[in-house]
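Notes for the one structure printed next.
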Amino acid sequence: WTRYLDAGTGFSRIFPGTTMAPDQSRNLTLDSRLSQAFVQTVSPQKDVVIVVDITMVTHQSLMRQALSVLLQTLSPRDQVAVIVNGDPQPPQLSPVTVPFPVSDLLERLIPDDFSQERTKSALQEGVATLQHSSACIKAVLYLTDHTVGMDTVQSILNGLPEDIQIFTFTFDPNINPRILKHLACSSDASWEPITDDVTMVSRLTRYYGMHHPLNESAVRWTSIVPDSLSTGDLSSGCCAVPRPVMYDPLQSLYGVLCVDISVDKLQQAGADDVKVLETKASSGPSCPVQRYTKEEIEQLRPEESKCNSLEVSRGQELREFMERAVRTTAGALETAAQVVKLLPTCPYVNTQYDSCTDTTPGMVPDPRYHQPVSNGTSNIHLTHQARVLYSNGSNSDSYKALLDSLCMSSSAEIDWVSVFQQNSGARWQFFIDAPTGYTRLYPSVNDPPESCQDGSSTDPRSQSWYAGMTSPAKDVAIVVDPALDYGLDIMKAAAKLAINTVSKYDTGQLLVARQQLHSNGFQQGTDTNRQAWLEAVDTIRLPTHSSTQDLISTIKAVIQDFSTKHQQEDTKCFFVLLLLTNRHLDLAVLHETARVNTPHLGVRIFTFTFGQLADDPVAKQLACDSKGSWAMVKTMQDLHLIREYYGMLSPGEHVGNVLWSETYNFKYDGNTPGTTGCLPVYNVSSEYLSLLGLSCVHVDEIDLQGVTDGEEMFAEQTTTSTKQCPTIKFDEEDVQKLRRPEAKCPARISLTATDLRSLAEQSVRQAAEEFEIGYVVAQQTPGVCPFTGDFYDTCKKLPTSFQKVPQFQREVSRKSPAFHLPYSMDITVGEETTLQDFTSNQTLYQSLCASLGMDSTWEVALQQSQYIAWQFYGDQTSRFLRVFPALNETQEQCSNKITDLPIRTWFSSAASSPKDLIITLDPHYAENLSLLKTTANALIATLTRFDFANILTTSAQQLVPGMLRAFGDVRTTMMQFVNQTEVSPNTDLTQSFAKVQGILDRALQSSNTTHCVTAVVLITDYVIQPRVLEHLRGKGLRVFTYTVGPWADQT
């Protein structure tokens, strides 16, 4: 045959002409570029390592075809090794035989889950296999259908020899090509997308033509190979046909012209020197002296594979250009914000293309991005908060502010387009709105459907780099107190959000009350440390049941760390403590924190409460006392409240420095790491500079590697941990303006604490005197009450004029006090009930009447100071409560036996001395167990924070060794112990009480005692003989016994 083999399309012109079977019209093996005549003429001797990663079965057929094609680009002069899905065996180069046995290899292409480590290892082994090769072309051909991380690519490029090329071929159009393109470009190779079998051969055979120019006209003889068009073997004498230099300086290839000699016919004719043809083939030309330069290789790459180069060449030049662009845009946005407020309509081209509606015009594929973009306009990416506000529409101030912001941010487009056209490395330019978190992004890109679902969009304000840009440098201690089950998942999510407010400019630490996780002092807010704190939060799977004392100890430890840091040189601008708890804080936490957090130290405390006990006035007061703020986080939609704290530290300032983030994966740039530079945009017409948002530019590592010293220059910018402190800090008045309505602190009064206490005690004494006088009068005049006043009940007959009053944290009626009658009192109350309806019960009537005498005193006290909130009287005999102002109790509260007056903690505090109390449970019968537990819980409710207590059973189980101060959480734990108690099978109570006696002795020897009154309470449903209690005689104890059940009066 005489043949012309075309390099561009693979067609063959053959003489004499021949025909092929119809079923061969799509046979890839007939592509001339896969013939040995073409391959051996164009390509010098080469060593090739083919690395294949396949993860999806949908790509299996195409990848098998691709591997088959690549193997046909090899000649007997070459060597090859194939690594499929990270073969555990080290690869070895083997000589190529024609035809190559491909069936076994193709069978190995089975989809598998793939890790970055396996990809890295396979590519490193491929490079290592070529290290000592002496071939003209040394190439790694990497075929993959999954994403490769930038760290993997960097590890391959580090120390890569200059004469090894890595060609990358991707089989999934959804893969971000920039990273694999970067791998190819950095090794003077090319990236090719393989999406079909029509263009596949052109893309797969390009690799060996990007090594050297074909400027030789010598004939090259091929080895003897089978003839694909007829039976028998042939040898070809071919020469390359380059384009004329006048038309193509690179003299790229037109094709190959060949004359084929039939070896079979020569032998039939009696030729005895056929081996000369093999000798000529094996003595092919040596390696070409001239290689393509980087610039020439770039010209040879197809358009979509070209390696983009920036118009700037130095890292310093690149950074200065981008910082200048950010400053220009930020200044223009601040001016636009003022203009928008002055005009009734938006004066800018107010484009509001929503990234979730696919309506942005001009969306086309762009080789610089891994998805379609529009460089003619920006579009908006709404957070869930912004979308709800934007979709609903209203006349609210928030909605109007959002519209103003959208108009203002659209004014930046003209600057963004100008920067983009200069190809300066500013891949993405954007504005983030501070109040709602929406992003206006340029160039435009659409969001995937899954991120457009309600609540699924990522809020940039929840990322650490945003916090670093918008807050002053700070030392942040995060104290997590998951004492109860309530709201545990929300609390963990909030803790993670709090961790992400610690930026690289800050230091932080995480502590969990009782567990003391990561309490090793303050650490720099690096990505590594934040990840460690996040993992620590994940380990919180159950409530810690931490006590008040545990929480106090944790807070004291944190304050001590702040105090130590205060003496060091690296102190940040603010000390901040974030307390996350789902308990009702005891007043002891407030008092102890105030004692250690001195004004000189000035730690600002922000409290966040969760679960059913979120409405906590003590937590609010704790924040108010330290120039912080309090927030209730009841649902996941409230999590945004966590990050608002750093906006209450200081007003904005025009410091003029563009701040650069740590390296991270920008959401719209795939898996390519990069860094973001931003400047805050302020409302300059407000009382102080309030934050409108951030003006930002993003550059990725691939672009940085394309300029001199780019990576080093930006690494210096992004690793710096210093930040200028604001010259002005918010004082208490400023913080009060920023607090939410429910978090605003009550106005400070001019009274000192001593004056306030005197006022309260005077009111209590006067009210008590009024009652005593009224009671005497009521006794002397039965049925006639000397005081006037209506009878109101907190459950069934309420006064009017209920309204929400901040100091009471609920709706109340200051018109009149109201009675809370005990659940056990058999009295029917209706709308028409008056005081006279109780005259049949003189004892009750006299107390009800006498309590009316306190009303005037209570009203005067409430007017004198808003710090005096609830005022009430509790009756010992009839067990009713009269409270001012009146409140509306729930049905559950109205029917709760445990709210009976004598077992209310405040009543016990006033009516008893401090005491040491040990409750001993002795249950023997299941039918009595419920009543025994109710009795025990009622006794526990009489304990106060002045008491020490423990609880045990005659089975020798105990809550704790020793004694505990009976804070509220300790009382709760004691009730849980009671509720878990089971009946005791032991009837030898003498032995049981001997064990109990040992526990008692050790407990009472503890230092945790009041040394005032020591009492042992025995609750039993068994008949107790006197000898059983001999162990308790002579101990100086007061023993109280409660018997329950059918034998209650027989022991």
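Residues are referred to by chain and number: the chain letter is A, B, ... according to the order shown in the structure tokens, the number counts from 1 in that chain, and ligands are numbered separately from 1 in the order shown.
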Please, which residues of range 80-206 of chain A, numbered as in this document, come out strand (DSSP E) from DSSP, as a compact mmCIF listing (two decimals) with C-alpha atoms, in the first residue's frame?
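Done, and the output landed in part-v8.txt:
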```txt
# COMPACT_ATOMS: atom_id res chain seq x y z
CA VAL A 80 4.97 0.58 29.63
CA ALA A 81 3.60 0.04 33.15
CA VAL A 82 -0.05 0.19 34.13
CA ILE A 83 -1.41 1.02 37.62
CA VAL A 84 -5.14 0.40 38.05
CA SER A 94 7.85 -3.88 30.46
CA PRO A 95 8.69 -3.96 26.73
CA ILE A 137 9.81 10.71 26.20
CA LYS A 138 8.98 9.93 29.84
CA ALA A 139 5.28 10.39 30.51
CA VAL A 140 2.71 9.56 33.17
CA LEU A 141 -0.77 9.29 31.64
CA TYR A 142 -3.34 9.76 34.42
CA LEU A 143 -6.96 8.74 33.72
CA THR A 144 -9.53 9.55 36.41
CA ILE A 164 8.87 13.76 33.18
CA GLN A 165 5.54 14.93 31.80
CA ILE A 166 2.21 14.18 33.46
CA PHE A 167 -0.77 14.19 31.10
CA THR A 168 -4.19 14.16 32.76
CA PHE A 169 -7.45 12.85 31.28
CA THR A 170 -10.78 13.34 33.08
CA TRP A 191 -5.10 18.17 30.35
CA GLU A 192 -7.77 16.57 28.17
CA PRO A 193 -11.48 16.02 28.95
```
- Give me the residues within 6 Å of range 908-915 of chain A as a list in words, counting only C-alpha atoms and dropping any in the same chain fewer than 6 places off.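 Once the adjacent positions are removed, what remains is Thr942, Thr944, Phe946, Asp947, Cys1012, Val1013 and Thr1014 of chain A.
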- Query: Which residue out of A:Ser410, A:Ser650, A:Thr1020, A:Thr672 has the minimum interatomic distance to His182 in chain A when only C-alpha atoms are used?
  - Reply: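 Comparing A:Ser410, A:Ser650, A:Thr1020, A:Thr672 against His182 in chain A, the winner is A:Thr672.
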- Item | Selection near Val764 in chain A, 12 Å with only C-alpha atoms, sequence-local residues under 2 positions removed, as a list of chain:residue names | A:Arg757, A:Ser758, A:Leu759, A:Ala760, A:Glu761, A:Gln762, A:Gln766, A:Ala767, A:Ala768, A:Glu769, A:Glu770, A:Phe771, A:Met854, A:Asp855, A:Thr857, A:Trp858, A:Val860, A:Ala861, A:Ile868, A:Trp870, A:Gln871, A:Phe872, A:Tyr873
- Which of these residues is nearest to Pro482 in chain A, using only C-alpha atoms: A:Asp550, A:Glu982, A:Asp78, A:Glu732? A:Asp550
